[in-house]
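Trainee: File upload-v6.cif below, mmCIF, C-alpha atoms:
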```cif
data_my_file
#
loop_
_atom_site.label_atom_id
_atom_site.label_comp_id
_atom_site.auth_asym_id
_atom_site.auth_seq_id
_atom_site.Cartn_x
_atom_site.Cartn_y
_atom_site.Cartn_z
CA LYS A 1 -28.04 -21.88 -20.70
CA THR A 2 -26.22 -24.04 -23.27
CA GLY A 3 -22.80 -22.49 -23.89
CA CYS A 4 -23.67 -22.32 -27.60
CA ALA A 5 -21.30 -19.90 -29.40
CA TYR A 6 -22.96 -17.09 -31.37
CA TRP A 7 -19.66 -15.95 -32.85
CA SER A 8 -15.92 -16.12 -32.21
CA PHE A 9 -13.02 -13.82 -32.97
CA ARG A 10 -9.27 -14.50 -33.03
CA ALA A 11 -7.17 -11.56 -31.86
CA GLN A 12 -3.62 -10.91 -33.08
CA ALA A 13 -2.18 -11.76 -29.66
CA THR A 14 -3.20 -13.01 -26.21
CA VAL A 15 -6.05 -11.07 -24.60
CA ARG A 16 -5.74 -10.53 -20.84
CA THR A 17 -7.98 -7.51 -20.42
CA ALA A 18 -11.57 -7.60 -19.27
CA LEU A 19 -14.20 -7.07 -21.98
CA LEU A 20 -16.09 -3.77 -22.03
CA VAL A 21 -19.39 -3.15 -23.83
CA ALA A 22 -20.09 0.46 -24.86
CA PRO A 23 -22.39 2.30 -27.28
CA TYR A 24 -21.25 3.49 -30.70
CA THR A 25 -22.82 4.76 -33.89
CA GLY A 26 -22.43 2.45 -36.89
CA SER A 27 -21.60 3.51 -40.44
CA SER A 28 -25.31 3.49 -41.26
CA GLY A 29 -25.97 5.98 -38.47
CA ALA A 30 -27.75 3.43 -36.31
CA ASN A 31 -26.92 3.05 -32.62
CA ALA A 32 -25.21 -0.22 -31.72
CA TRP A 33 -22.95 -1.82 -29.10
CA ALA A 34 -19.19 -2.32 -29.31
CA LEU A 35 -17.08 -4.88 -27.47
CA LEU A 36 -13.78 -3.25 -26.45
CA PHE A 37 -10.55 -4.94 -25.30
CA GLY A 38 -6.78 -5.00 -25.79
CA ASP A 39 -4.04 -7.56 -26.39
CA LEU A 40 -0.43 -8.17 -25.38
CA ARG A 41 0.91 -6.48 -28.54
CA ALA A 42 -0.73 -3.15 -27.69
CA ASN A 43 -3.62 -3.58 -30.13
CA ALA A 44 -6.97 -2.13 -29.05
CA TYR A 45 -10.08 -3.67 -30.61
CA ALA A 46 -13.69 -2.70 -31.14
CA LEU A 47 -16.02 -5.48 -32.34
CA ASP A 48 -19.72 -5.33 -33.00
CA ALA A 49 -21.14 -7.05 -29.92
CA SER A 50 -23.96 -8.71 -31.87
CA THR A 51 -21.96 -10.10 -34.79
CA GLY A 52 -18.29 -10.15 -33.72
CA LYS A 53 -17.31 -8.19 -36.85
CA ILE A 54 -14.40 -5.77 -36.57
CA ILE A 55 -15.34 -2.12 -36.20
CA TRP A 56 -11.69 -1.11 -35.87
CA VAL A 57 -8.29 -2.27 -34.61
CA ARG A 58 -5.77 0.32 -33.44
CA LYS A 59 -2.14 -0.37 -32.46
CA VAL A 60 -1.67 2.24 -29.75
CA ASP A 61 2.08 1.77 -29.22
CA ASP A 62 4.79 0.55 -31.62
CA HIS A 63 7.32 -0.54 -28.98
CA PRO A 64 7.97 -4.29 -29.44
CA TYR A 65 7.30 -4.95 -25.75
CA ALA A 66 4.26 -2.70 -25.32
CA ALA A 67 1.15 -4.53 -24.06
CA ILE A 68 -2.33 -3.85 -22.73
CA THR A 69 -3.31 -5.53 -19.46
CA GLY A 70 -5.73 -3.07 -17.86
CA ALA A 71 -9.25 -3.01 -19.22
CA LEU A 72 -10.16 -0.20 -21.58
CA THR A 73 -12.38 2.55 -20.16
CA TYR A 74 -15.23 4.25 -22.04
CA TYR A 75 -16.69 7.71 -21.53
CA SER A 76 -18.69 10.06 -23.78
CA GLY A 77 -17.64 8.65 -27.13
CA ARG A 78 -14.01 7.99 -26.24
CA VAL A 79 -12.06 4.88 -25.29
CA PHE A 80 -9.09 5.22 -22.92
CA VAL A 81 -6.33 2.64 -23.37
CA PRO A 82 -3.53 1.99 -20.78
CA VAL A 83 -0.18 0.49 -21.88
CA GLN A 84 2.47 -1.42 -19.88
CA GLY A 85 5.88 -2.86 -20.84
CA LEU A 86 6.60 -5.80 -18.52
CA ASN A 87 8.44 -7.80 -21.18
CA GLU A 88 11.14 -5.15 -21.53
CA GLU A 89 11.49 -4.86 -17.77
CA VAL A 90 12.44 -8.55 -17.57
CA GLN A 91 14.89 -8.25 -20.50
CA GLY A 92 16.71 -5.15 -19.29
CA GLY A 93 19.38 -6.77 -17.13
CA ARG A 94 20.73 -8.89 -20.01
CA PRO A 95 24.03 -7.39 -21.29
CA GLU A 96 23.14 -8.17 -24.92
CA TYR A 97 19.97 -6.07 -24.68
CA GLU A 98 19.81 -2.33 -25.39
CA CYS A 99 18.04 -1.31 -22.20
CA CYS A 100 15.55 0.39 -22.14
CA THR A 101 13.17 2.40 -24.33
CA PHE A 102 9.59 1.56 -23.32
CA ARG A 103 7.44 4.46 -22.07
CA GLY A 104 4.12 3.93 -20.32
CA SER A 105 1.17 5.76 -21.85
CA VAL A 106 -2.56 6.22 -22.04
CA SER A 107 -4.33 6.92 -25.33
CA ALA A 108 -7.79 8.31 -26.02
CA LEU A 109 -9.51 6.88 -29.11
CA ASP A 110 -12.76 7.68 -30.87
CA VAL A 111 -15.17 4.82 -30.09
CA GLY A 112 -16.66 4.82 -33.58
CA THR A 113 -13.48 4.93 -35.68
CA GLY A 114 -10.53 4.13 -33.40
CA ALA A 115 -8.90 7.41 -34.43
CA LEU A 116 -6.32 8.71 -31.96
CA VAL A 117 -7.57 11.79 -30.11
CA TRP A 118 -4.57 12.17 -27.79
CA LYS A 119 -1.73 10.17 -26.23
CA THR A 120 0.18 11.01 -23.03
CA TYR A 121 3.42 9.35 -21.89
CA THR A 122 4.40 8.83 -18.26
CA VAL A 123 8.19 9.24 -18.66
CA GLY A 124 10.37 11.53 -20.77
CA GLU A 125 11.80 10.77 -24.20
CA LYS A 126 14.70 8.33 -24.37
CA GLN A 127 18.27 9.60 -24.31
CA LEU A 128 21.48 7.68 -25.03
CA ARG A 129 23.16 6.96 -21.68
CA GLY A 130 26.29 5.27 -23.06
CA THR A 131 27.36 1.77 -24.09
CA ASN A 132 27.85 -1.30 -21.92
CA ALA A 133 30.74 -3.78 -21.87
CA ARG A 134 29.21 -5.62 -24.85
CA GLY A 135 29.12 -2.42 -26.88
CA LYS A 136 25.33 -2.18 -26.71
CA SER A 137 23.75 1.24 -26.53
CA GLN A 138 21.95 1.93 -23.27
CA TRP A 139 18.97 4.24 -22.99
CA GLY A 140 16.79 6.03 -20.47
CA PRO A 141 14.48 7.08 -19.01
CA SER A 142 12.01 4.21 -19.40
CA GLY A 143 9.18 2.41 -17.63
CA GLY A 144 6.17 3.94 -15.94
CA GLY A 145 3.77 1.34 -17.34
CA ILE A 146 0.05 1.58 -16.64
CA TRP A 147 -1.25 -1.83 -15.50
CA SER A 148 -4.84 -0.98 -14.67
CA SER A 149 -7.92 0.72 -16.08
CA PRO A 150 -8.11 4.52 -16.23
CA THR A 151 -10.65 6.11 -13.86
CA ILE A 152 -13.02 8.80 -15.15
CA ASP A 153 -14.03 11.86 -13.12
CA PRO A 154 -16.84 13.53 -15.14
CA ARG A 155 -17.35 16.37 -12.65
CA ARG A 156 -13.75 17.55 -12.92
CA GLY A 157 -13.29 16.53 -16.55
CA ALA A 158 -10.34 14.36 -15.56
CA VAL A 159 -9.03 10.84 -16.10
CA TYR A 160 -6.80 9.25 -13.44
CA VAL A 161 -4.17 6.56 -13.97
CA SER A 162 -1.69 4.85 -11.64
CA THR A 163 1.79 3.96 -12.84
CA GLY A 164 4.53 1.39 -12.29
CA ASN A 165 8.25 1.69 -11.61
CA GLY A 166 10.96 2.97 -13.91
CA TYR A 167 13.34 0.56 -15.62
CA THR A 168 16.47 2.69 -16.03
CA ASP A 169 18.00 5.91 -14.79
CA PRO A 170 17.40 8.84 -14.64
CA PRO A 171 14.53 8.78 -12.08
CA GLN A 172 11.20 10.14 -13.29
CA PRO A 173 8.54 12.14 -11.42
CA MET A 174 5.56 10.16 -12.77
CA THR A 175 6.59 6.59 -11.89
CA ASP A 176 4.90 4.85 -8.92
CA ALA A 177 2.39 7.69 -9.01
CA VAL A 178 -1.21 8.71 -9.51
CA ILE A 179 -1.63 11.09 -12.45
CA ALA A 180 -4.59 13.33 -13.31
CA LEU A 181 -5.02 14.07 -17.03
CA ASP A 182 -7.40 16.45 -18.75
CA LEU A 183 -10.22 14.38 -20.22
CA GLN A 184 -10.35 16.35 -23.48
CA SER A 185 -6.67 17.01 -24.20
CA GLY A 186 -4.65 14.47 -22.18
CA LYS A 187 -2.61 17.29 -20.61
CA VAL A 188 -1.17 16.43 -17.20
CA ARG A 189 -3.00 18.39 -14.49
CA TRP A 190 -1.20 17.03 -11.44
CA VAL A 191 1.00 14.15 -10.28
CA ARG A 192 1.26 12.55 -6.85
CA GLN A 193 4.34 10.30 -6.68
CA LEU A 194 4.17 7.94 -3.70
CA THR A 195 7.54 6.15 -4.17
CA ALA A 196 10.43 8.08 -5.69
CA ASN A 197 13.59 6.71 -7.35
CA ASP A 198 12.12 3.26 -8.01
CA ALA A 199 13.99 1.97 -11.06
CA TRP A 200 13.94 -1.82 -11.23
CA THR A 201 14.97 -4.34 -13.90
CA LEU A 202 15.16 -8.13 -13.61
CA GLY A 203 18.64 -9.57 -13.13
CA CYS A 204 20.24 -6.47 -11.59
CA ARG A 205 22.13 -6.22 -8.30
CA ALA A 206 21.28 -3.84 -5.46
CA THR A 207 24.01 -1.45 -6.69
CA ASN A 208 25.30 -1.39 -10.26
CA THR A 209 28.07 1.16 -10.71
CA ASP A 210 29.77 -0.99 -13.37
CA ASN A 211 26.72 -2.08 -15.38
CA LEU A 212 24.84 0.47 -17.50
CA ASN A 213 22.09 -2.06 -18.19
CA CYS A 214 20.93 -1.62 -14.62
CA PRO A 215 19.94 1.31 -12.42
CA ALA A 216 22.81 2.59 -10.26
CA THR A 217 20.65 1.78 -7.24
CA LEU A 218 18.00 -0.89 -7.72
CA GLY A 219 14.56 0.19 -6.57
CA PRO A 220 12.07 -1.98 -4.66
CA ASP A 221 9.74 -2.58 -7.67
CA TYR A 222 6.69 -1.08 -5.94
CA ASP A 223 4.34 -0.54 -8.86
CA PHE A 224 0.81 0.63 -8.64
CA SER A 225 -1.24 -2.11 -10.30
CA ALA A 226 -4.70 -1.00 -9.13
CA SER A 227 -7.02 1.61 -10.58
CA PRO A 228 -7.62 4.64 -8.35
CA ALA A 229 -11.13 4.19 -6.90
CA LEU A 230 -13.04 7.49 -7.02
CA THR A 231 -15.43 7.62 -4.08
CA THR A 232 -17.15 10.08 -1.74
CA ILE A 233 -17.34 10.16 2.06
CA ASP A 234 -18.85 12.95 4.17
CA GLY A 235 -19.22 15.09 1.05
CA ARG A 236 -15.53 14.79 0.14
CA ASP A 237 -14.20 12.99 -2.93
CA LEU A 238 -11.26 10.62 -2.52
CA LEU A 239 -9.03 8.52 -4.76
CA VAL A 240 -8.28 5.26 -2.90
CA LEU A 241 -5.83 2.56 -3.95
CA PRO A 242 -3.24 0.03 -2.66
CA GLN A 243 0.43 -0.28 -3.68
CA LYS A 244 2.83 -3.23 -3.82
CA SER A 245 4.78 -1.48 -1.04
CA GLY A 246 2.12 -2.69 1.41
CA MET A 247 0.78 0.86 1.74
CA THR A 248 -2.73 2.08 0.91
CA TYR A 249 -3.59 5.68 0.17
CA ALA A 250 -6.42 8.18 -0.10
CA LEU A 251 -5.75 11.29 -2.20
CA ASP A 252 -7.81 14.45 -2.60
CA PRO A 253 -8.58 15.07 -6.31
CA GLU A 254 -9.77 18.59 -5.49
CA LYS A 255 -6.36 19.52 -4.03
CA GLN A 256 -3.90 18.27 -6.67
CA GLY A 257 -3.86 14.75 -5.23
CA ALA A 258 -2.92 15.86 -1.72
CA LEU A 259 -2.47 12.94 0.68
CA VAL A 260 -5.51 12.56 2.97
CA TRP A 261 -4.39 9.37 4.71
CA GLN A 262 -2.11 6.38 4.33
CA HIS A 263 -2.29 3.03 6.03
CA ARG A 264 0.12 0.09 5.98
CA ILE A 265 -1.53 -3.29 5.36
CA GLY A 266 1.61 -5.38 4.75
CA GLN A 267 5.38 -5.48 4.53
CA GLY A 268 5.53 -4.92 0.78
CA SER A 269 6.60 -7.31 -1.97
CA GLY A 270 8.17 -6.72 -5.36
CA ARG A 271 6.68 -9.93 -6.71
CA GLY A 272 2.98 -10.13 -7.43
CA GLY A 273 0.68 -7.13 -7.34
CA GLN A 274 -1.96 -5.28 -5.37
CA TYR A 275 -4.64 -5.31 -8.02
CA GLY A 276 -7.45 -3.42 -6.32
CA GLY A 277 -9.24 -2.50 -3.14
CA ALA A 278 -12.98 -1.99 -2.75
CA VAL A 279 -15.02 0.70 -1.02
CA ASP A 280 -18.54 1.10 0.33
CA ASP A 281 -20.18 3.97 2.21
CA ARG A 282 -18.08 3.35 5.36
CA TYR A 283 -14.92 1.39 4.76
CA ALA A 284 -12.17 0.60 2.29
CA TYR A 285 -11.16 -3.07 2.02
CA PHE A 286 -7.82 -4.50 0.92
CA GLY A 287 -6.37 -7.97 0.48
CA VAL A 288 -2.75 -8.40 1.57
CA GLY A 289 -0.38 -9.61 -1.15
CA ASP A 290 3.16 -9.82 0.29
CA SER A 291 3.81 -12.98 -1.71
CA THR A 292 7.59 -12.98 -1.09
CA THR A 293 7.43 -12.18 2.61
CA ASN A 294 7.10 -14.44 5.63
CA ALA A 295 3.48 -13.33 6.17
CA PRO A 296 1.49 -13.28 2.93
CA GLY A 297 -2.30 -12.99 2.83
CA GLY A 298 -5.08 -11.69 5.01
CA MET A 299 -7.70 -8.94 4.79
CA VAL A 300 -7.84 -5.39 6.17
CA ALA A 301 -10.64 -2.83 6.47
CA VAL A 302 -10.08 0.86 7.25
CA LYS A 303 -12.41 3.80 7.79
CA LEU A 304 -12.86 5.48 4.44
CA ALA A 305 -12.79 8.97 5.94
CA THR A 306 -9.64 8.61 8.05
CA GLY A 307 -7.73 5.45 7.11
CA GLU A 308 -8.04 4.21 10.69
CA ARG A 309 -7.98 0.39 10.89
CA VAL A 310 -11.35 -1.22 11.64
CA TRP A 311 -10.33 -4.87 11.47
CA HIS A 312 -7.63 -7.24 10.27
CA THR A 313 -8.19 -10.90 9.51
CA PRO A 314 -5.08 -13.10 9.17
CA PRO A 315 -4.80 -15.59 6.32
CA GLU A 316 -6.53 -18.93 6.55
CA LYS A 317 -4.69 -22.24 6.27
CA THR A 318 -3.63 -22.70 2.64
CA LEU A 319 -6.03 -24.90 0.66
CA CYS A 320 -3.37 -25.98 -1.82
CA GLY A 321 -1.22 -27.84 0.72
CA ALA A 322 1.94 -26.89 2.57
CA PRO A 323 3.00 -23.26 1.99
CA GLY A 324 5.82 -22.79 -0.53
CA ARG A 325 6.63 -21.07 -3.82
CA ASP A 326 3.78 -22.84 -5.62
CA CYS A 327 1.34 -22.71 -2.70
CA ASN A 328 0.97 -19.28 -1.18
CA ALA A 329 -1.63 -17.47 0.95
CA ALA A 330 -1.17 -14.10 -0.82
CA GLN A 331 -4.39 -12.16 -1.47
CA GLY A 332 -3.21 -9.43 -3.83
CA ALA A 333 -6.08 -10.06 -6.26
CA ALA A 334 -8.67 -7.30 -6.54
CA VAL A 335 -11.40 -7.59 -3.93
CA THR A 336 -15.15 -7.07 -4.42
CA ALA A 337 -17.48 -5.47 -1.88
CA ILE A 338 -21.22 -6.27 -1.78
CA PRO A 339 -23.74 -5.33 0.93
CA GLY A 340 -22.55 -7.05 4.12
CA ALA A 341 -19.52 -8.83 2.69
CA VAL A 342 -16.23 -8.52 0.84
CA LEU A 343 -14.90 -11.24 -1.49
CA SER A 344 -11.23 -12.09 -2.01
CA GLY A 345 -9.44 -14.62 -4.22
CA SER A 346 -6.09 -16.09 -3.20
CA TYR A 347 -2.95 -17.70 -4.61
CA ASP A 348 -3.99 -20.84 -2.71
CA GLY A 349 -7.04 -21.36 -4.94
CA GLY A 350 -9.55 -20.20 -2.34
CA LEU A 351 -12.35 -17.70 -2.82
CA ARG A 352 -13.39 -16.27 0.55
CA ALA A 353 -16.22 -14.08 1.84
CA TYR A 354 -15.61 -11.89 4.89
CA ALA A 355 -18.19 -10.03 6.96
CA ALA A 356 -17.93 -6.31 6.22
CA ASP A 357 -18.55 -5.37 9.86
CA ASP A 358 -15.81 -7.35 11.59
CA GLY A 359 -13.86 -9.38 8.98
CA SER A 360 -15.05 -12.76 10.22
CA LEU A 361 -14.89 -15.52 7.62
CA LEU A 362 -18.38 -16.24 6.28
CA TRP A 363 -17.37 -19.00 3.88
CA GLN A 364 -14.57 -20.20 1.62
CA PHE A 365 -14.70 -22.10 -1.64
CA ASP A 366 -11.82 -24.36 -2.69
CA THR A 367 -11.28 -24.26 -6.47
CA ASN A 368 -8.38 -26.75 -6.48
CA ARG A 369 -10.27 -29.40 -8.43
CA GLU A 370 -11.80 -30.29 -11.79
CA PHE A 371 -15.20 -28.81 -12.66
CA VAL A 372 -18.06 -30.07 -14.80
CA THR A 373 -18.97 -27.35 -17.31
CA VAL A 374 -22.15 -26.57 -19.24
CA ASN A 375 -20.61 -27.56 -22.58
CA GLY A 376 -18.62 -30.52 -21.30
CA VAL A 377 -15.15 -28.99 -21.68
CA LYS A 378 -12.76 -29.93 -18.87
CA ALA A 379 -11.98 -27.06 -16.48
CA ASN A 380 -9.76 -26.72 -13.42
CA GLY A 381 -9.50 -24.18 -10.62
CA GLY A 382 -6.33 -22.86 -9.03
CA SER A 383 -4.49 -19.69 -8.03
CA MET A 384 -6.36 -16.40 -8.30
CA ASP A 385 -4.39 -13.19 -8.83
CA GLY A 386 -5.37 -10.05 -10.72
CA PRO A 387 -9.10 -9.63 -11.43
CA GLY A 388 -11.66 -9.73 -8.67
CA PRO A 389 -14.91 -11.71 -8.53
CA ILE A 390 -17.90 -10.25 -10.41
CA VAL A 391 -21.23 -10.35 -8.58
#
```
Output the file's structure as structure tokens, nothing else.
Mentor:
Amino acid sequence: KTGCAYWSFRAQATVRTALLVAPYTGSSGANAWALLFGDLRANAYALDASTGKIIWVRKVDDHPYAAITGALTYYSGRVFVPVQGLNEEVQGGRPEYECCTFRGSVSALDVGTGALVWKTYTVGEKQLRGTNARGKSQWGPSGGGIWSSPTIDPRRGAVYVSTGNGYTDPPQPMTDAVIALDLQSGKVRWVRQLTANDAWTLGCRATNTDNLNCPATLGPDYDFSASPALTTIDGRDLLVLPQKSGMTYALDPEKQGALVWQHRIGQGSGRGGQYGGAVDDRYAYFGVGDSTTNAPGGMVAVKLATGERVWHTPPEKTLCGAPGRDCNAAQGAAVTAIPGAVLSGSYDGGLRAYAADDGSLLWQFDTNREFVTVNGVKANGGSMDGPGPIV
């Protein structure tokens, strides 16, 4: 009602994750609530939700470029923490940098103490690949960051994660993939790689036979940046998610991630992300990113059971002005489905509601302005990319 602050807490680095509230048992034995999140230096935090006091802080990865972007996930006394390494990916093409040593991972922590229960990496251990023209050691494999929240499957005792591209050679089997891990041990149960041989580092050419900093053949940078959505249709469980390639997929968790269907919603774009689809009891809904193509934006719905297209709505006129690098119709942000409608935020500063039945535009809200806030602090709208609206 007032915006009055009950408590505040200063983390050790920028916090980009969503905030998760979960139960824990305090030192006195009493039941309480913990606030769980991560920062861009790979620190995971648990604070008492009532007081803001630290329960524990755990650095889950010591790599200097390790970071947490996906929200932490809680289940049955454990906290699951995904780790990505974007800041090494954008350094790797520089000849003065020893590229590359980051390895994507997910860690399971005890919710009460922060103690590490298990940790699983998505690429193999680093090996020396040689030295570049500057005499800098070059390493690999690397990459396979996890951008999004892990997905829990209690019935199968599994946790699912989706991974990003590799940074250096040699190619790895768990990049650009969906991975099923054992909930108790972290052991890999199965892997479904959807784009092979995708090693990408900023500043590299298409082919790099004379530059060890870069992959021999530069991949398309088609990360998975969305959590696998675990859903059921006609008595069958599916894992549904979009990829930066412009493809969307449904996998069968009962059959080692076997491909049930795939559907192309866009051309694919290395820049930006596809941060999440949404599902209901009939359809799966996806915003179209494609921020670097000639046709960014729009919405698509497909039949959840088959992947057959139900409707496609092209992008609306950009609310931010004439289309360009700083004004784009891309709708890669996660979408939110509610009864009768699906909501999508855009690069152009618009939040739009589409009819679930036929994709017609119900309304749009232009955030490109200043807002009056409850506590009088100046606020501005603008581009939306990443998290979806919460209803």
Trainee: One decimal, Å: what's the distance from atom CA of A:Glu316 over to atom CA of A:Ile265, could you say?
Mentor: 16.5 Å
Trainee: (0.1, -9.7, -29.4) in this file's frame - what residues fall within 10 Å of it? Use all atoms listed in the file and give the answer as a list of chain:residue names.
Mentor: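 Here the neighbourhood of the point contains A:Ala11, A:Gln12, A:Ala13, A:Thr14, A:Val15, A:Gly38, A:Asp39, A:Leu40, A:Arg41, A:Ala42, A:Asn43, A:Pro64, A:Tyr65, A:Ala66, A:Ala67, A:Ile68.
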Trainee: Quick one: write out the picked residues with C-alpha atoms as an mmCIF file, in the frame of the given file?
Mentor:
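Everything below was put into part_29.cif:
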```cif
data_model
loop_
_atom_site.group_PDB
_atom_site.id
_atom_site.type_symbol
_atom_site.label_atom_id
_atom_site.label_comp_id
_atom_site.auth_asym_id
_atom_site.auth_seq_id
_atom_site.Cartn_x
_atom_site.Cartn_y
_atom_site.Cartn_z
ATOM 1 C CA ALA A 11 -7.170 -11.560 -31.860
ATOM 2 C CA GLN A 12 -3.620 -10.910 -33.080
ATOM 3 C CA ALA A 13 -2.180 -11.760 -29.660
ATOM 4 C CA THR A 14 -3.200 -13.010 -26.210
ATOM 5 C CA VAL A 15 -6.050 -11.070 -24.600
ATOM 6 C CA GLY A 38 -6.780 -5.000 -25.790
ATOM 7 C CA ASP A 39 -4.040 -7.560 -26.390
ATOM 8 C CA LEU A 40 -0.430 -8.170 -25.380
ATOM 9 C CA ARG A 41 0.910 -6.480 -28.540
ATOM 10 C CA ALA A 42 -0.730 -3.150 -27.690
ATOM 11 C CA ASN A 43 -3.620 -3.580 -30.130
ATOM 12 C CA PRO A 64 7.970 -4.290 -29.440
ATOM 13 C CA TYR A 65 7.300 -4.950 -25.750
ATOM 14 C CA ALA A 66 4.260 -2.700 -25.320
ATOM 15 C CA ALA A 67 1.150 -4.530 -24.060
ATOM 16 C CA ILE A 68 -2.330 -3.850 -22.730
#
```
Trainee: Any idea what's packed within 6 Å of stretch 328-345 of chain A, counting only C-alpha atoms, ignoring anything in its chain fewer than 5 positions away? Could you give it as a PyMOL selection string?
Mentor: chain A and resi 273-278+287-289+291+296-297+318+323+350-356+384-388
Trainee: I'd like the contact shell of A:Arg189 - 7 Å cut-off, all atoms listed in the file, skipping same-chain residues fewer than 6 positions apart - returned as a ChimeraX atom specification.
Mentor: /A:180-182
Trainee: Please compute the atom CA of A:Val302-atom CA of A:Pro253 distance, one decimal, in Å.
Mentor: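 Taking atom CA of A:Val302 as the start and atom CA of A:Pro253 as the end point, the length is 19.7 Å.
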Trainee: Let me know the residues the PyMOL selection byres ((chain A and resi 49-57) around 10) catches in the file above, as a PyMOL selection string.
Mentor: chain A and resi 6-9+11-12+20-24+26-27+32-38+43-48+58-60+111-115
Trainee: Between A:Gly135, A:Gly144, A:Gly29, A:Gly324, which one has atoms that come closest to A:Pro82, using all atoms listed in the file?
Mentor: A:Gly144
Trainee: How big is the axis-aligned box around all listed atoms of stretch 283-290 of chain A once 8 Å goes on each side, and where's its centre, in Å to one decimal, as JSON?
Mentor:
```
{"center_x": -5.9, "center_y": -4.2, "center_z": 1.8, "size_x": 34.1, "size_y": 27.2, "size_z": 21.9}
```
Trainee: Specify as JSON, numbers by chain each residue included when the PyMOL selection byres ((chain A and resi 292) around 9) is applied to this file.
Mentor: {"A": [268, 269, 270, 271, 272, 289, 290, 291, 293, 294, 295, 296, 325, 330]}
Trainee: Write out, as CSV, each residue of stretch 84-122 of chain A that has an atom at most 8 Å from stretch 205-213 of chain A, together with the closest pair of atoms and their distance in Å to one decimal, counting only C-alpha atoms, rows going by chain and rising number.
Mentor:
```
residue,atom,partner,partner_atom,distance
A:Gly92,CA,A:Asn213,CA,6.3
A:Gly93,CA,A:Asn213,CA,5.5
A:Arg94,CA,A:Asn213,CA,7.2
A:Pro95,CA,A:Asn213,CA,6.5
A:Tyr97,CA,A:Asn213,CA,7.9
A:Glu98,CA,A:Asn213,CA,7.6
A:Cys99,CA,A:Asn213,CA,5.7
```
Trainee: Could you tell me how far atom CA of A:Thr69 lies from atom CA of A:Val188, in Å and to one decimal?
Mentor: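 Computing the Euclidean distance for atom CA of A:Thr69 and atom CA of A:Val188 yields 22.2 Å.
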Trainee: Need the shell around A:Val310: protein/DNA/RNA residues with any atom at most 12 Å away, counting only C-alpha atoms. Skip same-chain ones fewer than 2 positions apart. Format as a PyMOL selection string?
Mentor: chain A and resi 263+265+282-286+299-308+312-313+356-359
Trainee: Since the input lacks some atoms of stretch 115-124 of chain A, please model N, CA, C and O atoms and print them as a PDB file, keeping the file's coordinate frame.
Mentor:
```pdb
ATOM      1  N   ALA A 115      -9.861   6.337 -34.175  1.00  0.00           N
ATOM      2  CA  ALA A 115      -8.900   7.410 -34.430  1.00  0.00           C
ATOM      3  C   ALA A 115      -8.309   7.916 -33.117  1.00  0.00           C
ATOM      4  O   ALA A 115      -9.013   8.035 -32.111  1.00  0.00           O
ATOM      5  N   LEU A 116      -7.006   8.216 -33.151  1.00  0.00           N
ATOM      6  CA  LEU A 116      -6.320   8.710 -31.960  1.00  0.00           C
ATOM      7  C   LEU A 116      -6.695  10.160 -31.704  1.00  0.00           C
ATOM      8  O   LEU A 116      -6.513  11.022 -32.574  1.00  0.00           O
ATOM      9  N   VAL A 117      -7.222  10.424 -30.518  1.00  0.00           N
ATOM     10  CA  VAL A 117      -7.570  11.790 -30.110  1.00  0.00           C
ATOM     11  C   VAL A 117      -6.381  12.427 -29.402  1.00  0.00           C
ATOM     12  O   VAL A 117      -5.999  13.552 -29.689  1.00  0.00           O
ATOM     13  N   TRP A 118      -5.797  11.709 -28.440  1.00  0.00           N
ATOM     14  CA  TRP A 118      -4.570  12.170 -27.790  1.00  0.00           C
ATOM     15  C   TRP A 118      -3.844  10.986 -27.169  1.00  0.00           C
ATOM     16  O   TRP A 118      -4.432   9.933 -26.961  1.00  0.00           O
ATOM     17  N   LYS A 119      -2.556  11.183 -26.885  1.00  0.00           N
ATOM     18  CA  LYS A 119      -1.730  10.170 -26.230  1.00  0.00           C
ATOM     19  C   LYS A 119      -0.772  10.886 -25.280  1.00  0.00           C
ATOM     20  O   LYS A 119      -0.117  11.868 -25.671  1.00  0.00           O
ATOM     21  N   THR A 120      -0.690  10.406 -24.043  1.00  0.00           N
ATOM     22  CA  THR A 120       0.180  11.010 -23.030  1.00  0.00           C
ATOM     23  C   THR A 120       1.107   9.959 -22.457  1.00  0.00           C
ATOM     24  O   THR A 120       0.658   8.885 -22.033  1.00  0.00           O
ATOM     25  N   TYR A 121       2.417  10.252 -22.443  1.00  0.00           N
ATOM     26  CA  TYR A 121       3.420   9.350 -21.890  1.00  0.00           C
ATOM     27  C   TYR A 121       3.665   9.674 -20.422  1.00  0.00           C
ATOM     28  O   TYR A 121       3.468  10.805 -19.973  1.00  0.00           O
ATOM     29  N   THR A 122       4.149   8.669 -19.691  1.00  0.00           N
ATOM     30  CA  THR A 122       4.400   8.830 -18.260  1.00  0.00           C
ATOM     31  C   THR A 122       5.859   9.090 -17.924  1.00  0.00           C
ATOM     32  O   THR A 122       6.172   9.432 -16.782  1.00  0.00           O
ATOM     33  N   VAL A 123       6.775   8.906 -18.873  1.00  0.00           N
ATOM     34  CA  VAL A 123       8.190   9.240 -18.660  1.00  0.00           C
ATOM     35  C   VAL A 123       8.678  10.031 -19.871  1.00  0.00           C
ATOM     36  O   VAL A 123       8.046  10.034 -20.936  1.00  0.00           O
ATOM     37  N   GLY A 124       9.826  10.699 -19.700  1.00  0.00           N
ATOM     38  CA  GLY A 124      10.370  11.530 -20.770  1.00  0.00           C
ATOM     39  C   GLY A 124      10.906  10.723 -21.937  1.00  0.00           C
ATOM     40  O   GLY A 124      11.002   9.492 -21.897  1.00  0.00           O
TER      41      GLY A 124
END
```
